>>> print(open('coords-v2.cif').read())   # mmCIF, C-alpha atoms and all ligand atoms
data_final
loop_
_atom_site.label_atom_id
_atom_site.label_comp_id
_atom_site.auth_asym_id
_atom_site.auth_seq_id
_atom_site.Cartn_x
_atom_site.Cartn_y
_atom_site.Cartn_z
CA MET A 1 0.00 0.00 0.00
CA ALA A 2 1.15 3.54 -0.75
CA LYS A 3 2.18 5.72 2.23
CA GLU A 4 0.51 9.12 2.24
CA ASP A 5 0.26 11.99 4.70
CA LEU A 6 -3.33 11.08 5.32
CA LYS A 7 -5.52 11.07 8.43
CA VAL A 8 -9.20 10.38 8.83
CA LEU A 9 -11.11 11.58 11.87
CA GLY A 10 -13.93 9.10 12.33
CA PHE A 11 -15.92 6.92 14.63
CA TRP A 12 -15.92 3.11 14.54
CA CYS A 13 -19.57 2.64 13.50
CA SER A 14 -20.23 5.92 11.71
CA PRO A 15 -21.96 5.10 8.40
CA PHE A 16 -20.24 8.12 6.89
CA TYR A 17 -16.77 7.22 8.14
CA LEU A 18 -17.16 3.64 6.86
CA ARG A 19 -17.65 4.97 3.33
CA VAL A 20 -14.32 6.70 3.48
CA LEU A 21 -12.57 3.70 5.00
CA TRP A 22 -13.83 1.43 2.18
CA ALA A 23 -13.00 3.94 -0.57
CA LEU A 24 -9.41 4.19 0.70
CA LYS A 25 -9.18 0.42 0.93
CA ILE A 26 -10.32 0.08 -2.69
CA LYS A 27 -7.58 2.53 -3.66
CA GLY A 28 -5.02 0.76 -1.46
CA ILE A 29 -4.16 3.97 0.37
CA GLU A 30 -3.00 3.76 3.99
CA PHE A 31 -4.15 6.35 6.48
CA GLU A 32 -4.03 7.14 10.17
CA PHE A 33 -7.41 6.63 11.87
CA VAL A 34 -8.11 9.25 14.53
CA GLU A 35 -11.08 8.09 16.57
CA GLU A 36 -13.40 10.81 17.85
CA ASP A 37 -15.45 10.61 21.01
CA ILE A 38 -18.65 12.03 19.47
CA PRO A 39 -20.22 13.37 22.72
CA ASN A 40 -16.87 15.03 23.58
CA LYS A 41 -15.61 16.33 20.28
CA SER A 42 -11.90 17.04 20.18
CA PRO A 43 -10.54 20.55 19.61
CA LEU A 44 -8.96 19.10 16.44
CA LEU A 45 -12.37 18.10 15.00
CA LEU A 46 -13.85 21.51 15.86
CA GLU A 47 -10.90 23.20 14.20
CA LEU A 48 -10.97 21.01 11.07
CA ASN A 49 -14.75 20.94 10.57
CA PRO A 50 -16.03 24.13 12.24
CA VAL A 51 -19.13 24.29 10.02
CA HIS A 52 -20.68 20.87 10.71
CA LYS A 53 -18.50 19.62 13.62
CA LYS A 54 -19.01 16.05 12.35
CA VAL A 55 -16.95 13.07 11.31
CA PRO A 56 -15.58 12.03 8.94
CA VAL A 57 -12.90 14.57 8.14
CA LEU A 58 -10.11 13.55 5.80
CA VAL A 59 -6.85 15.45 6.21
CA HIS A 60 -4.51 15.13 3.22
CA ASN A 61 -1.12 16.87 3.45
CA GLY A 62 -2.56 19.03 6.23
CA LYS A 63 -5.68 20.10 4.28
CA PRO A 64 -9.06 19.05 5.72
CA ILE A 65 -12.06 17.90 3.69
CA ALA A 66 -15.42 17.24 5.35
CA GLU A 67 -18.69 15.57 4.26
CA SER A 68 -18.37 11.95 3.24
CA VAL A 69 -19.77 12.24 -0.30
CA ILE A 70 -17.36 15.08 -1.03
CA ILE A 71 -14.52 13.11 0.53
CA LEU A 72 -15.28 10.16 -1.77
CA GLN A 73 -15.14 12.45 -4.79
CA TYR A 74 -11.84 13.90 -3.56
CA VAL A 75 -10.43 10.40 -3.08
CA GLU A 76 -11.51 9.54 -6.64
CA ASP A 77 -9.97 12.70 -8.10
CA THR A 78 -6.72 12.28 -6.17
CA TRP A 79 -6.08 8.54 -6.67
CA LYS A 80 -7.46 7.67 -10.08
CA HIS A 81 -6.67 3.94 -10.10
CA ASN A 82 -9.40 1.43 -9.15
CA PRO A 83 -12.14 3.96 -10.01
CA ILE A 84 -15.22 4.14 -7.81
CA LEU A 85 -17.18 6.49 -10.08
CA PRO A 86 -18.09 5.70 -13.71
CA SER A 87 -16.41 7.79 -16.42
CA ASP A 88 -19.62 8.00 -18.46
CA PRO A 89 -21.21 11.36 -17.48
CA HIS A 90 -24.76 10.01 -17.32
CA GLU A 91 -23.81 6.98 -15.23
CA LYS A 92 -21.80 9.25 -12.96
CA ALA A 93 -24.74 11.65 -12.56
CA MET A 94 -26.99 8.67 -11.71
CA ALA A 95 -24.56 7.39 -9.06
CA LEU A 96 -24.56 10.88 -7.48
CA PHE A 97 -28.35 11.11 -7.78
CA TRP A 98 -28.91 7.85 -5.90
CA ALA A 99 -26.27 8.73 -3.32
CA LYS A 100 -28.20 11.95 -2.63
CA PHE A 101 -31.44 9.95 -2.46
CA ALA A 102 -29.78 7.57 0.01
CA ASP A 103 -28.65 10.44 2.25
CA GLU A 104 -31.74 12.62 2.01
CA LYS A 105 -34.41 9.91 2.02
CA LEU A 106 -33.19 6.53 3.21
CA VAL A 107 -31.07 7.78 6.12
CA ASN A 108 -34.06 9.77 7.41
CA SER A 109 -36.62 6.99 7.05
CA ILE A 110 -34.34 4.43 8.71
CA PHE A 111 -33.58 6.89 11.53
CA ALA A 112 -37.32 7.57 11.99
CA SER A 113 -38.06 3.82 12.07
CA PHE A 114 -35.57 3.66 14.93
CA ILE A 115 -36.65 6.57 17.12
CA LYS A 116 -40.41 6.86 16.54
CA GLN A 117 -43.01 4.86 18.41
CA GLY A 118 -46.45 3.47 17.67
CA LYS A 119 -48.21 4.53 14.48
CA GLU A 120 -45.38 6.86 13.50
CA LYS A 121 -42.93 3.97 13.68
CA GLU A 122 -45.21 1.91 11.41
CA GLU A 123 -45.35 4.79 8.94
CA ALA A 124 -41.58 5.19 9.01
CA VAL A 125 -41.08 1.46 8.40
CA ALA A 126 -43.49 1.65 5.43
CA THR A 127 -41.46 4.56 4.07
CA VAL A 128 -38.23 2.55 4.40
CA GLY A 129 -39.97 -0.12 2.28
CA GLU A 130 -40.87 2.45 -0.40
CA HIS A 131 -37.27 3.65 -0.48
CA LEU A 132 -35.88 0.12 -0.67
CA LYS A 133 -38.21 -0.57 -3.63
CA PHE A 134 -36.39 2.09 -5.63
CA LEU A 135 -33.04 0.54 -4.73
CA GLU A 136 -34.31 -2.93 -5.61
CA GLU A 137 -35.06 -1.63 -9.13
CA GLU A 138 -31.55 -0.22 -9.40
CA LEU A 139 -30.08 -3.68 -8.74
CA LYS A 140 -31.78 -5.45 -11.68
CA ASN A 141 -29.23 -7.66 -13.46
CA LYS A 142 -26.42 -6.38 -11.23
CA LYS A 143 -24.36 -7.80 -8.40
CA PHE A 144 -23.53 -4.38 -7.00
CA PHE A 145 -25.17 -1.02 -7.61
CA SER A 146 -22.11 -0.14 -9.68
CA GLY A 147 -22.15 -3.40 -11.70
CA ASP A 148 -19.68 -6.23 -11.16
CA GLU A 149 -17.51 -4.30 -8.70
CA ILE A 150 -18.20 -2.19 -5.65
CA GLY A 151 -18.45 1.50 -6.52
CA PHE A 152 -19.65 4.86 -5.27
CA LEU A 153 -23.30 4.03 -4.51
CA ASP A 154 -22.36 0.72 -2.89
CA LEU A 155 -20.02 2.63 -0.59
CA CYS A 156 -22.69 5.21 0.22
CA LEU A 157 -25.22 2.50 1.10
CA GLY A 158 -22.77 0.08 2.71
CA TRP A 159 -23.67 1.00 6.29
CA THR A 160 -27.15 -0.45 5.79
CA VAL A 161 -25.74 -4.01 5.70
CA SER A 162 -24.97 -3.76 9.43
CA PHE A 163 -27.54 -1.28 10.60
CA ILE A 164 -30.74 -2.70 9.06
CA SER A 165 -30.37 -6.14 10.63
CA VAL A 166 -29.39 -4.69 14.03
CA LEU A 167 -32.33 -2.25 13.95
CA ASP A 168 -34.59 -5.14 12.92
CA GLU A 169 -33.49 -7.00 16.03
CA ILE A 170 -34.24 -3.97 18.21
CA ASN A 171 -37.60 -3.28 16.53
CA GLY A 172 -38.61 -6.93 16.08
CA LEU A 173 -39.01 -6.30 12.33
CA LYS A 174 -37.67 -7.44 8.98
CA MET A 175 -37.32 -4.25 6.97
CA ALA A 176 -35.31 -5.70 4.08
CA GLY A 177 -36.72 -9.25 3.96
CA GLU A 178 -35.59 -11.58 1.19
CA GLU A 179 -39.08 -12.29 -0.16
CA ARG A 180 -39.88 -8.64 -0.66
CA PHE A 181 -36.40 -7.46 -1.61
CA PRO A 182 -34.50 -10.43 -3.10
CA LEU A 183 -31.98 -8.28 -4.99
CA PHE A 184 -31.27 -5.96 -2.08
CA SER A 185 -30.90 -9.00 0.22
CA ALA A 186 -28.43 -10.56 -2.24
CA TRP A 187 -26.56 -7.24 -2.41
CA ILE A 188 -26.29 -7.22 1.43
CA GLU A 189 -24.64 -10.67 1.23
CA ASN A 190 -22.35 -9.73 -1.65
CA PHE A 191 -21.27 -6.46 -0.10
CA SER A 192 -20.75 -7.90 3.41
CA ASN A 193 -18.64 -10.76 2.06
CA SER A 194 -16.51 -8.77 -0.33
CA PRO A 195 -12.79 -8.79 0.59
CA ILE A 196 -12.73 -4.99 1.00
CA VAL A 197 -15.58 -4.97 3.52
CA LYS A 198 -15.59 -8.34 5.27
CA ASP A 199 -13.21 -7.57 8.13
CA THR A 200 -14.18 -3.94 8.56
CA LEU A 201 -17.87 -4.10 9.44
CA PRO A 202 -18.71 -2.91 12.95
CA PRO A 203 -18.87 -5.91 15.33
CA ARG A 204 -22.56 -6.88 15.54
CA ASP A 205 -22.78 -7.13 19.35
CA ARG A 206 -21.03 -3.83 19.85
CA LEU A 207 -23.31 -2.12 17.31
CA LEU A 208 -26.39 -3.69 18.89
CA SER A 209 -25.49 -2.42 22.33
CA LYS A 210 -24.59 1.04 20.96
CA LEU A 211 -27.88 1.35 19.06
CA ARG A 212 -29.94 0.05 21.99
CA HIS A 213 -28.36 2.73 24.14
CA MET A 214 -28.98 5.41 21.48
CA GLU A 215 -32.57 4.26 20.96
CA GLY A 216 -33.32 5.04 24.61
CA ALA A 217 -31.69 8.45 24.32
CA PHE A 218 -33.35 9.44 21.00
CA ARG A 219 -36.76 7.79 21.46
CA VAL A 220 -39.57 10.10 20.35
CA PRO A 221 -42.90 9.39 22.12
CA PRO A 222 -45.90 9.09 19.79
CA THR A 223 -47.75 12.38 19.21
CA ALA A 224 -51.20 12.37 20.79
N1 LIG B 301 -23.43 14.59 6.00
C1 LIG B 301 -22.35 14.13 6.84
C2 LIG B 301 -22.92 13.40 8.03
C3 LIG B 301 -21.83 13.06 9.05
C4 LIG B 301 -22.43 12.67 10.40
O1 LIG B 301 -23.64 12.83 10.65
N2 LIG B 301 -21.54 12.21 11.29
C5 LIG B 301 -21.96 11.91 12.65
C6 LIG B 301 -21.40 10.57 13.10
S1 LIG B 301 -22.23 9.27 12.27
C7 LIG B 301 -21.39 12.97 13.58
O2 LIG B 301 -20.23 13.31 13.53
N3 LIG B 301 -22.24 13.49 14.46
C8 LIG B 301 -21.87 14.46 15.41
C9 LIG B 301 -22.96 15.45 15.66
O3 LIG B 301 -24.03 15.35 15.02
O4 LIG B 301 -22.76 16.35 16.45
C10 LIG B 301 -21.40 13.27 6.01
O5 LIG B 301 -21.85 12.70 5.02
O6 LIG B 301 -20.21 13.22 6.34
#
>>> encode(input="coords-v2.cif", output="structure tokens")
Amino acid sequence: MAKEDLKVLGFWCSPFYLRVLWALKIKGIEFEFVEEDIPNKSPLLLELNPVHKKVPVLVHNGKPIAESVIILQYVEDTWKHNPILPSDPHEKAMALFWAKFADEKLVNSIFASFIKQGKEKEEAVATVGEHLKFLEEELKNKKFFSGDEIGFLDLCLGWTVSFISVLDEINGLKMAGEERFPLFSAWIENFSNSPIVKDTLPPRDRLLSKLRHMEGAFRVPPTA
């Protein structure tokens, strides 16, 4: 692996940090992982990402870049081998479109299915299903969202392979069941077992206990 002056401020189970980790692994670029304590953000994080104060932040040759989707594009522009974005402009636009959909729609519906209660939880779970239907369509005749190899949209959605099943265990649900979403279920298997990802997924028990703890803290009582 190439040695670079590269640091990533992250958090072990952050969906957004994991994207960056996997992108750098695909490129074969080594980096120093600086783990943040999210409730007690370090002065370094506040200095490097004063606008959002969030991880991940990638620091390349002393220059910080924040926001995971922008970091992935920077990684792609800086290390051009093993591309994660298609060169065809339309395919590239589509990958960015679905990544935006994933962040603006799917993240919110999955989060709502986690923190809401009662009828609002049921509605949020139904919305997750509607969102997954779109992704199921995108997987027709493909192993990964990007085709035969893992690419940009796979990286953006990769966190779901750990989070959905852990949230299902907490909620007593099956949000991405095989009968309803056979292609998405197959993608979960393919992505989880790929050599890039396999040994880097958050440990299930640790994630379960973290999310159980967060669920209690974030829980939103049903509105009367
Ligand atoms: N849009 C951001 C989201 C990053 C994000 O939400 N990071 C969380 C950890 S998973 C964080 O740092 N949260 C701290 C906070 O909200 O104060 C990205 O894509 O990088």
>>> closest_atom_pairs(input="coords-v2.cif", of="chain A", to="ligand LIG 301 (chain B)", cutoff="10 Å", atoms="only C-alpha atoms and all ligand atoms", output="tab-separated table")
residue	atom	partner	partner_atom	distance
A:Leu9	CA	B:LIG301	O2	9.4
A:Gly10	CA	B:LIG301	C6	7.7
A:Phe11	CA	B:LIG301	C6	6.8
A:Trp12	CA	B:LIG301	S1	9.1
A:Cys13	CA	B:LIG301	S1	7.2
A:Ser14	CA	B:LIG301	S1	3.9
A:Pro15	CA	B:LIG301	S1	5.7
A:Phe16	CA	B:LIG301	O6	5.1
A:Tyr17	CA	B:LIG301	S1	7.1
A:Leu18	CA	B:LIG301	S1	9.3
A:Arg19	CA	B:LIG301	O5	9.0
A:Val20	CA	B:LIG301	O6	9.2
A:Glu36	CA	B:LIG301	O2	8.5
A:Asp37	CA	B:LIG301	O2	9.3
A:Ile38	CA	B:LIG301	C8	5.7
A:Pro39	CA	B:LIG301	O4	7.4
A:Asn40	CA	B:LIG301	O4	9.3
A:Lys41	CA	B:LIG301	O4	8.1
A:Leu45	CA	B:LIG301	O2	9.3
A:Asn49	CA	B:LIG301	O2	9.8
A:His52	CA	B:LIG301	O4	7.6
A:Lys53	CA	B:LIG301	O4	6.1
A:Lys54	CA	B:LIG301	O2	3.2
A:Val55	CA	B:LIG301	O2	4.0
A:Pro56	CA	B:LIG301	O6	5.4
A:Val57	CA	B:LIG301	O6	7.6
A:Ile65	CA	B:LIG301	O6	9.8
A:Ala66	CA	B:LIG301	O6	6.3
A:Glu67	CA	B:LIG301	O6	3.5
A:Ser68	CA	B:LIG301	O6	3.8
A:Val69	CA	B:LIG301	O5	5.7
A:Ile70	CA	B:LIG301	O5	7.9
A:Ile71	CA	B:LIG301	O6	8.1
A:Leu72	CA	B:LIG301	O5	9.8
A:Lys100	CA	B:LIG301	O5	10.0
A:Asp103	CA	B:LIG301	N1	7.7
A:Glu104	CA	B:LIG301	N1	9.4
A:Cys156	CA	B:LIG301	O5	8.9
>>> atom_distance(input="coords-v2.cif", atom1="atom CA of Val75 of chain A", atom2="atom CA of Glu30 of chain A")
12.2 Å
>>> atom_distance(input="coords-v2.cif", atom1="atom CA of Val34 of chain A", atom2="atom CA of Lys7 of chain A")
6.9 Å
>>> atom_distance(input="coords-v2.cif", atom1="atom CA of Val8 of chain A", atom2="atom CA of Glu47 of chain A")
14.0 Å
>>> residues_around(input="coords-v2.cif", residues="Leu135 of chain A", least_positions_apart="3", cutoff="9 Å", atoms="all atoms listed in the file", output="PyMOL selection string")
chain A and resi 98+131-132+138-139+145+183-184
>>> closest_atom_pairs(input="coords-v2.cif", of="segment 11-46 of chain A", to="segment 83-91 of chain A", cutoff="12 Å", atoms="all atoms listed in the file", output="CSV")
residue,atom,partner,partner_atom,distance
A:Arg19,CA,A:Ile84,CA,11.4
A:Val20,CA,A:Ile84,CA,11.6
A:Trp22,CA,A:Ile84,CA,10.4
A:Ala23,CA,A:Ile84,CA,7.6
A:Leu24,CA,A:Ile84,CA,10.3
A:Lys25,CA,A:Ile84,CA,11.3
A:Ile26,CA,A:Ile84,CA,8.2
A:Lys27,CA,A:Pro83,CA,7.9
A:Gly28,CA,A:Pro83,CA,11.6
>>> residues_around(input="coords-v2.cif", residues="Ala126 of chain A", least_positions_apart="3", cutoff="12 Å", atoms="only C-alpha atoms", output="list in words")
Leu106, Ser109, Ile110, Ala112, Ser113, Lys119, Glu120, Lys121, Glu122, Glu123, Gly129, Glu130, His131, Leu132, Lys133, Leu173, Lys174, Met175 and Ala176 of chain A
>>> closest_residue(input="coords-v2.cif", among="A:Asp154, A:Phe218, A:Phe114, A:Pro50", to="Glu169 of chain A", atoms="all atoms listed in the file")
A:Phe114
>>> residues_around(input="coords-v2.cif", residues="Leu207 of chain A", least_positions_apart="2", cutoff="10 Å", atoms="all atoms listed in the file", output="ChimeraX atom specification")
/A:12-13,162-163,166-167,201-205,209-213
>>> residues_around(input="coords-v2.cif", residues="Asn61 of chain A", least_positions_apart="3", cutoff="10 Å", atoms="only C-alpha atoms", output="compact mmCIF listing (two decimals) with C-alpha atoms, in the frame of the given file")
# COMPACT_ATOMS: atom_id res chain seq x y z
CA GLU A 4 0.51 9.12 2.24
CA ASP A 5 0.26 11.99 4.70
CA LEU A 6 -3.33 11.08 5.32
CA LYS A 7 -5.52 11.07 8.43
CA LEU A 58 -10.11 13.55 5.80
CA PRO A 64 -9.06 19.05 5.72
>>> closest_residue(input="coords-v2.cif", among="A:Val197, A:Met214, A:Val107, A:Val220", to="Ile164 of chain A", atoms="all atoms listed in the file")
A:Val107
